[in-house]
>>> print(open('upload-v2.txt').read())   # compact mmCIF, C-alpha atoms
# COMPACT_ATOMS: atom_id res chain seq x y z
CA MET D 1 -13.15 22.20 -4.75
CA THR D 2 -13.27 20.68 -1.28
CA GLU D 3 -11.49 17.35 -1.03
CA LYS D 4 -13.83 14.45 -0.38
CA ALA D 5 -13.24 12.70 2.93
CA ALA D 6 -11.55 9.40 2.11
CA HIS D 7 -11.91 6.07 3.88
CA TRP D 8 -10.41 2.61 3.56
CA ILE D 9 -12.83 0.43 1.61
CA LEU D 10 -12.01 -2.83 3.43
CA LYS D 11 -12.03 -1.55 7.01
CA GLY D 12 -14.85 -3.95 7.89
CA SER D 13 -13.15 -7.05 6.48
CA ALA D 14 -13.08 -10.22 8.55
CA HIS D 15 -9.86 -10.76 10.50
CA ASP D 16 -8.66 -13.85 8.58
CA ALA D 17 -9.52 -12.41 5.15
CA GLU D 18 -7.65 -9.17 5.86
CA LEU D 19 -4.59 -11.03 7.17
CA LEU D 20 -4.62 -13.20 4.04
CA ARG D 21 -4.73 -10.08 1.87
CA LEU D 22 -1.85 -8.44 3.76
CA HIS D 23 0.32 -11.55 3.43
CA ALA D 24 -0.43 -11.62 -0.30
CA LEU D 25 0.69 -7.99 -0.60
CA GLU D 26 3.90 -8.92 1.18
CA GLU D 27 4.44 -11.81 -1.21
CA VAL D 28 3.98 -9.53 -4.22
CA PHE D 29 5.78 -6.36 -3.16
CA ASP D 30 8.25 -7.01 -0.32
CA GLU D 31 11.09 -8.13 -2.58
CA HIS D 32 10.75 -4.93 -4.61
CA THR D 33 10.52 -2.71 -1.51
CA CYS D 34 13.46 -4.34 0.27
CA ARG D 35 15.63 -4.04 -2.84
CA LEU D 36 14.96 -0.30 -2.96
CA LEU D 37 15.70 0.03 0.75
CA ARG D 38 19.03 -1.75 0.22
CA GLU D 39 20.15 -0.35 -3.13
CA LYS D 40 18.58 3.11 -3.41
CA ILE D 41 18.33 4.13 0.24
CA GLY D 42 21.12 2.09 1.83
CA VAL D 43 19.54 1.52 5.24
CA GLN D 44 22.25 1.61 7.91
CA VAL D 45 22.81 0.12 11.35
CA GLY D 46 21.60 2.47 14.07
CA TRP D 47 18.94 4.28 12.02
CA ARG D 48 15.60 5.36 13.45
CA CYS D 49 12.81 4.45 11.03
CA LEU D 50 9.09 5.03 10.61
CA GLU D 51 7.11 2.30 8.85
CA LEU D 52 3.70 3.88 8.15
CA GLY D 53 0.87 1.52 7.31
CA ALA D 54 2.82 -1.38 8.77
CA GLY D 55 0.07 -3.93 8.09
CA ALA D 56 1.21 -7.37 9.20
CA GLY D 57 4.71 -6.07 9.94
CA SER D 58 6.99 -7.68 7.36
CA ILE D 59 8.87 -4.51 6.39
CA ALA D 60 9.08 -3.34 10.01
CA ARG D 61 10.69 -6.68 10.91
CA TRP D 62 13.07 -6.47 7.94
CA LEU D 63 14.12 -2.96 8.99
CA ALA D 64 14.54 -4.03 12.61
CA GLU D 65 17.04 -6.68 11.57
CA ARG D 66 18.85 -4.36 9.17
CA ILE D 67 19.36 -1.51 11.66
CA GLY D 68 20.31 -3.75 14.57
CA SER D 69 19.83 -3.28 18.29
CA SER D 70 21.26 0.24 18.19
CA GLY D 71 18.46 1.37 15.85
CA SER D 72 14.70 1.57 16.26
CA VAL D 73 11.54 1.26 14.17
CA VAL D 74 8.15 2.84 14.78
CA ALA D 75 5.60 0.49 13.17
CA ALA D 76 2.46 2.59 12.78
CA ASP D 77 -1.01 1.73 11.50
CA ILE D 78 -4.58 2.86 12.00
CA ASN D 79 -5.32 -0.69 13.19
CA CYS D 80 -2.44 -2.57 14.82
CA ARG D 81 -4.21 -5.91 15.31
CA PHE D 82 -1.63 -7.81 13.24
CA LEU D 83 1.48 -6.15 14.68
CA THR D 84 2.26 -8.81 17.27
CA ASP D 85 5.48 -10.59 18.24
CA VAL D 86 7.64 -7.78 16.89
CA PRO D 87 11.37 -7.50 17.73
CA PRO D 88 12.37 -5.49 20.82
CA ASN D 89 13.63 -2.56 18.73
CA VAL D 90 10.15 -2.09 17.16
CA GLU D 91 7.60 0.21 18.79
CA VAL D 92 4.00 -0.33 17.67
CA ARG D 93 2.02 2.89 17.45
CA GLU D 94 -1.63 3.30 16.44
CA LEU D 95 -2.27 6.48 14.44
CA ASP D 96 -4.33 7.93 11.62
CA ALA D 97 -2.08 9.15 8.81
CA ALA D 98 -4.64 11.79 7.83
CA VAL D 99 -4.16 13.76 11.06
CA ALA D 100 -1.09 12.33 12.79
CA ASP D 101 1.84 14.42 13.97
CA PHE D 102 4.91 12.47 12.85
CA GLY D 103 7.32 14.69 14.76
CA THR D 104 10.09 16.97 13.52
CA GLU D 105 13.52 15.77 12.37
CA GLU D 106 13.01 12.45 14.13
CA PHE D 107 13.68 9.76 11.51
CA ASP D 108 16.52 8.66 9.25
CA LEU D 109 14.02 6.80 7.10
CA VAL D 110 10.29 7.02 6.51
CA HIS D 111 8.55 4.40 4.37
CA HIS D 112 4.90 3.96 3.45
CA ARG D 113 3.20 1.59 1.01
CA SER D 114 -0.41 1.88 -0.17
CA VAL D 115 -1.41 4.35 2.53
CA LEU D 116 -1.71 7.98 1.48
CA ALA D 117 -3.90 7.46 -1.59
CA PHE D 118 -6.59 6.25 0.81
CA VAL D 119 -6.55 9.14 3.29
CA SER D 120 -7.85 12.70 3.21
CA GLY D 121 -5.29 15.49 3.18
CA ARG D 122 -2.73 13.18 1.58
CA ASP D 123 -0.52 16.00 0.27
CA GLU D 124 -0.38 17.58 3.72
CA ALA D 125 0.39 14.18 5.25
CA LEU D 126 3.25 13.72 2.80
CA ALA D 127 4.63 17.13 3.78
CA ARG D 128 4.46 16.16 7.48
CA LEU D 129 6.37 12.97 6.70
CA VAL D 130 9.10 15.00 5.01
CA ALA D 131 9.24 17.31 8.05
CA SER D 132 9.77 14.26 10.26
CA LEU D 133 13.02 13.43 8.44
CA ARG D 134 16.34 14.34 9.95
CA PRO D 135 18.72 16.26 7.66
CA GLY D 136 20.07 13.63 5.29
CA GLY D 137 17.13 11.32 6.02
CA TRP D 138 15.31 9.38 3.31
CA LEU D 139 11.67 9.01 2.32
CA LEU D 140 10.50 6.01 0.29
CA SER D 141 6.91 6.52 -0.85
CA GLU D 142 5.04 3.67 -2.57
CA GLU D 143 1.47 3.81 -3.82
CA ALA D 144 -0.55 1.71 -6.26
CA LEU D 145 -2.05 2.62 -9.60
CA ASN D 146 -5.18 0.50 -9.89
CA ASN D 147 -4.78 -0.13 -13.61
CA GLU D 148 -5.45 -3.88 -13.64
CA TYR D 149 -6.60 -5.48 -16.88
CA VAL D 150 -7.45 -9.01 -17.99
CA VAL D 151 -5.15 -10.83 -20.41
CA ALA D 152 -7.69 -12.83 -22.48
CA GLY D 153 -11.28 -12.16 -23.62
CA ASP D 154 -13.99 -14.84 -23.24
CA SER D 155 -17.22 -14.24 -21.33
CA ASP D 156 -15.70 -15.09 -17.94
CA ASP D 157 -12.78 -12.78 -18.60
CA LYS D 158 -15.24 -10.01 -19.36
CA LEU D 159 -16.82 -10.61 -15.95
CA LEU D 160 -13.38 -10.35 -14.36
CA ALA D 161 -12.70 -7.14 -16.26
CA ARG D 162 -15.98 -5.74 -14.95
CA PHE D 163 -14.80 -6.57 -11.43
CA PHE D 164 -11.69 -4.41 -11.84
CA ASP D 165 -13.84 -1.60 -13.24
CA GLY D 166 -16.20 -2.00 -10.29
CA LEU D 167 -13.30 -1.96 -7.85
CA ARG D 168 -12.10 1.33 -9.33
CA ALA D 169 -15.62 2.78 -9.02
CA ILE D 170 -15.70 1.76 -5.35
CA LEU D 171 -12.30 3.36 -4.73
CA ASP D 172 -13.44 6.57 -6.39
CA ALA D 173 -16.64 6.66 -4.33
CA ALA D 174 -14.54 6.24 -1.17
CA GLY D 175 -12.47 9.34 -1.99
CA THR D 176 -9.33 7.44 -3.02
CA ASP D 177 -6.90 9.30 -5.26
CA ARG D 178 -6.05 6.57 -7.76
CA LEU D 179 -3.58 8.87 -9.55
CA PHE D 180 -1.66 9.85 -6.42
CA ALA D 181 0.97 7.22 -7.25
CA ALA D 182 1.68 8.90 -10.57
CA ARG D 183 2.33 12.22 -8.81
CA LEU D 184 4.75 10.95 -6.16
CA ARG D 185 7.98 11.71 -8.00
CA PHE D 186 6.93 15.31 -8.64
CA ALA D 187 5.52 15.72 -5.13
CA LEU D 188 8.87 14.78 -3.59
CA LYS D 189 10.65 17.31 -5.80
CA ASP D 190 8.11 19.98 -4.86
CA LEU D 191 8.92 19.25 -1.20
CA SER D 192 12.58 20.06 -1.93
CA LEU D 193 13.94 16.54 -1.52
CA ALA D 194 17.23 15.74 -3.23
CA ASP D 195 18.35 12.67 -5.18
CA VAL D 196 14.76 11.90 -6.18
CA GLY D 197 14.25 8.70 -8.14
CA HIS D 198 11.34 6.47 -9.07
CA GLU D 199 10.37 3.15 -10.63
CA GLY D 200 7.35 0.85 -10.93
CA SER D 201 6.65 -2.82 -10.23
CA VAL D 202 4.00 -4.95 -11.92
CA TRP D 203 3.31 -8.67 -12.32
CA ILE D 204 1.04 -11.04 -14.24
CA ALA D 205 -1.37 -12.65 -11.79
CA GLN D 206 -2.92 -16.09 -12.10
CA GLY D 207 -6.02 -17.20 -10.27
CA GLY D 208 -5.42 -19.52 -7.36
CA ASP D 209 -1.84 -18.55 -6.53
CA GLN D 210 -1.00 -16.68 -3.34
CA ARG D 211 -0.78 -13.37 -5.17
CA SER D 212 -4.44 -13.61 -6.20
CA ASP D 213 -5.28 -13.47 -2.48
CA ILE D 214 -4.97 -9.69 -2.80
CA TYR D 215 -8.22 -9.65 -4.72
CA TRP D 216 -10.65 -12.40 -3.82
CA PRO D 217 -11.17 -11.33 -0.16
CA ALA D 218 -12.41 -8.01 -1.57
CA VAL D 219 -15.29 -9.81 -3.29
CA ASP D 220 -16.76 -10.76 0.08
CA GLY D 221 -15.82 -7.53 1.82
CA LEU D 222 -17.30 -5.38 -0.95
CA ARG D 223 -20.34 -7.44 -1.88
CA SER D 224 -22.89 -4.69 -1.22
CA GLN D 225 -20.81 -2.08 -3.08
CA LEU D 226 -20.33 -4.44 -6.00
CA ARG D 227 -24.10 -4.81 -6.21
CA THR D 228 -24.75 -1.06 -6.26
CA LEU D 229 -21.70 0.66 -7.76
CA GLY D 230 -20.51 -2.26 -9.89
CA ARG D 231 -24.03 -3.40 -10.82
CA PHE D 232 -23.29 -7.07 -10.22
CA ALA D 233 -25.95 -9.70 -9.56
CA ASP D 234 -25.36 -12.09 -6.65
CA ASP D 235 -24.66 -15.02 -8.96
CA GLU D 236 -22.04 -12.93 -10.79
CA ILE D 237 -20.34 -12.07 -7.49
CA ASP D 238 -20.23 -15.76 -6.58
CA ARG D 239 -18.71 -16.52 -9.98
CA LEU D 240 -16.08 -13.83 -9.41
CA ARG D 241 -14.84 -15.67 -6.32
CA GLU D 242 -14.41 -18.77 -8.45
CA LEU D 243 -12.63 -16.92 -11.25
CA LEU D 244 -10.13 -15.32 -8.90
CA ARG D 245 -9.17 -18.83 -7.76
CA ASP D 246 -9.20 -20.40 -11.23
CA SER D 247 -5.73 -21.01 -12.72
CA ASN D 248 -7.11 -20.19 -16.18
CA SER D 249 -7.74 -16.59 -15.05
CA ARG D 250 -4.86 -14.21 -15.74
CA TRP D 251 -4.57 -10.49 -15.38
CA VAL D 252 -2.04 -7.70 -15.16
CA SER D 253 -1.79 -6.41 -11.61
CA ALA D 254 -1.96 -2.94 -10.21
CA THR D 255 1.32 -1.07 -10.67
CA LEU D 256 3.22 -0.17 -7.51
CA MET D 257 4.90 3.18 -8.10
CA SER D 258 7.88 3.88 -5.85
CA ALA D 259 9.55 7.25 -5.39
CA TRP D 260 12.35 8.18 -3.04
CA GLY D 261 14.27 11.26 -2.02
CA ARG D 262 16.64 12.63 0.62
CA ARG D 263 16.18 15.65 2.84
CA PRO D 264 19.16 17.95 2.23
CA GLY D 265 21.56 18.51 5.05
>>> encode(input="upload-v2.txt", output="structure tokens")
Amino acid sequence: MTEKAAHWILKGSAHDAELLRLHALEEVFDEHTCRLLREKIGVQVGWRCLELGAGAGSIARWLAERIGSSGSVVAADINCRFLTDVPPNVEVRELDAAVADFGTEEFDLVHHRSVLAFVSGRDEALARLVASLRPGGWLLSEEALNNEYVVAGDSDDKLLARFFDGLRAILDAAGTDRLFAARLRFALKDLSLADVGHEGSVWIAQGGDQRSDIYWPAVDGLRSQLRTLGRFADDEIDRLRELLRDSNSRWVSATLMSAWGRRPG
């Protein structure tokens, strides 16, 4: 079967809404990611790093401080509009992960978060990332399982649950591989990486806190898709925006699956 061409579902989002969403992702996941980079990878002074899907740049900035002036970070994204005011040891590079040449034996560390599930040829892209590692270099791959579910069960909660189902339908229609995260550990082993490990991160979200900002901008950005694929009426979409900001709304988040491994040598 030919792989369906994938595309990012929120590529047309308004500037402020997308920045809000990226900052919310940082709030939710950066502590987890940085702990793995410290404890599992052991990022060292002087390393050369690739941060793929750099977003608003929080992990690129963290790496830049960790590796010091003798190291360097390539902060790469398909749209680099938020990668401003970066440290001098960070190079901003615009690229498409689906087709990019990441180089050969160039990096001591490659990290990506919520990138490859959304691009075509994701397995080939992962193999190119492994090829870009120097002998002894580390890959930390992080992708999300969109398995959100609502905690309670009144009529409004059922509307919120329908939103998560609709979001999954939109991701599927866009060619996203929602199970790619579950395959990461095995994919790294198949690519002959050593010292492979994995773990997941999940949280209980509450409407109105900063972490809920991951979701409510999608209601506006995906309004037409929610009408067609999710079969929502306009008044239901408006109510969704309210629910995602209502402190009485609670749901279990997507699970961030993290897998890491070292290139032998």
>>> atom_distance(input="upload-v2.txt", atom1="atom CA of Glu106 of chain D", atom2="atom CA of Ser132 of chain D")
5.4 Å
>>> residues_around(input="upload-v2.txt", residues="segment 204-207 of chain D", least_positions_apart="3", cutoff="6 Å", atoms="only C-alpha atoms", output="number ranges by chain")
D: 212, 244-247, 249-252
>>> residues_around(input="upload-v2.txt", residues="Ala131 of chain D", least_positions_apart="6", cutoff="8 Å", atoms="all atoms listed in the file", output="MDAnalysis selection string")
chainID D and resid 103:105
>>> write_last_selection(input="upload-v2.txt", atoms="C-alpha atoms", output="PDB file, in the coordinates of the input")
ATOM      1  CA  GLY D 103       7.320  14.690  14.760  1.00  0.00           C
ATOM      2  CA  THR D 104      10.090  16.970  13.520  1.00  0.00           C
ATOM      3  CA  GLU D 105      13.520  15.770  12.370  1.00  0.00           C
TER       4      GLU D 105
END
>>> atom_distance(input="upload-v2.txt", atom1="atom CA of Asp165 of chain D", atom2="atom CA of Gly121 of chain D")
25.2 Å
>>> closest_residue(input="upload-v2.txt", among="D:Ser253, D:Ala181, D:Ser192, D:Thr228", to="Val150 of chain D", atoms="only C-alpha atoms")
D:Ser253
>>> atom_distance(input="upload-v2.txt", atom1="atom CA of Leu193 of chain D", atom2="atom CA of Phe118 of chain D")
23.1 Å
>>> axis_aligned_box(input="upload-v2.txt", around="segment 253-262 of chain D", padding_each_side="6 Å", output="AutoDock Vina command-line options")
--center_x 7.3 --center_y 3.1 --center_z -5.5 --size_x 30.6 --size_y 31.0 --size_z 24.2
>>> residues_around(input="upload-v2.txt", residues="Val92 of chain D", least_positions_apart="4", cutoff="6 Å", atoms="only C-alpha atoms", output="CSV table (one decimal) with C-alpha atoms, keeping the file's coordinate frame")
chain,number,residue,atom,x,y,z
D,74,VAL,CA,8.2,2.8,14.8
D,75,ALA,CA,5.6,0.5,13.2
D,76,ALA,CA,2.5,2.6,12.8
>>> residues_around(input="upload-v2.txt", residues="Glu124 of chain D", least_positions_apart="4", cutoff="12 Å", atoms="all atoms listed in the file", output="tab-separated table (two decimals) with C-alpha atoms, in the coordinates of the input")
chain	number	residue	atom	x	y	z
D	97	ALA	CA	-2.08	9.15	8.81
D	98	ALA	CA	-4.64	11.79	7.83
D	99	VAL	CA	-4.16	13.76	11.06
D	100	ALA	CA	-1.09	12.33	12.79
D	101	ASP	CA	1.84	14.42	13.97
D	102	PHE	CA	4.91	12.47	12.85
D	116	LEU	CA	-1.71	7.98	1.48
D	117	ALA	CA	-3.90	7.46	-1.59
D	119	VAL	CA	-6.55	9.14	3.29
D	120	SER	CA	-7.85	12.70	3.21
D	128	ARG	CA	4.46	16.16	7.48
D	129	LEU	CA	6.37	12.97	6.70
D	130	VAL	CA	9.10	15.00	5.01
D	131	ALA	CA	9.24	17.31	8.05
D	187	ALA	CA	5.52	15.72	-5.13
D	191	LEU	CA	8.92	19.25	-1.20
>>> closest_residue(input="upload-v2.txt", among="D:Leu22, D:Leu83, D:Leu95, D:Leu140", to="Cys34 of chain D", atoms="only C-alpha atoms")
D:Leu140
>>> closest_residue(input="upload-v2.txt", among="D:Asp30, D:Glu199, D:Glu94, D:Asp238", to="Leu63 of chain D", atoms="only C-alpha atoms")
D:Asp30
>>> closest_residue(input="upload-v2.txt", among="D:Ser201, D:Ser258, D:Ser114, D:Gln225", to="Phe163 of chain D", atoms="only C-alpha atoms")
D:Gln225
>>> build_atoms(input="upload-v2.txt", residues="segment 61-73 of chain D", atoms="N, CA and C atoms", output="CSV table (one decimal), in the coordinates of the input")
chain,number,residue,atom,x,y,z
D,61,ARG,N,9.8,-5.6,10.4
D,61,ARG,CA,10.7,-6.7,10.9
D,61,ARG,C,12.0,-6.7,10.1
D,62,TRP,N,11.9,-6.5,8.8
D,62,TRP,CA,13.1,-6.5,7.9
D,62,TRP,C,14.0,-5.3,8.3
D,63,LEU,N,13.4,-4.1,8.6
D,63,LEU,CA,14.1,-3.0,9.0
D,63,LEU,C,14.8,-3.2,10.3
D,64,ALA,N,14.0,-3.8,11.3
D,64,ALA,CA,14.5,-4.0,12.6
D,64,ALA,C,15.8,-4.9,12.6
D,65,GLU,N,15.8,-5.9,11.7
D,65,GLU,CA,17.0,-6.7,11.6
D,65,GLU,C,18.2,-5.9,10.9
D,66,ARG,N,17.8,-5.1,9.9
D,66,ARG,CA,18.8,-4.4,9.2
D,66,ARG,C,19.5,-3.3,10.0
D,67,ILE,N,18.8,-2.6,10.9
D,67,ILE,CA,19.4,-1.5,11.7
D,67,ILE,C,20.0,-2.0,13.0
D,68,GLY,N,19.7,-3.2,13.4
D,68,GLY,CA,20.3,-3.8,14.6
D,68,GLY,C,19.8,-3.2,15.9
D,69,SER,N,20.3,-3.7,17.0
D,69,SER,CA,19.8,-3.3,18.3
D,69,SER,C,20.1,-1.8,18.6
D,70,SER,N,21.0,-1.2,17.9
D,70,SER,CA,21.3,0.2,18.2
D,70,SER,C,20.3,1.2,17.5
D,71,GLY,N,19.5,0.6,16.6
D,71,GLY,CA,18.5,1.4,15.8
D,71,GLY,C,17.1,1.1,16.4
D,72,SER,N,16.1,1.8,15.8
D,72,SER,CA,14.7,1.6,16.3
D,72,SER,C,13.7,1.8,15.1
D,73,VAL,N,12.6,1.1,15.2
D,73,VAL,CA,11.5,1.3,14.2
D,73,VAL,C,10.2,1.6,14.9
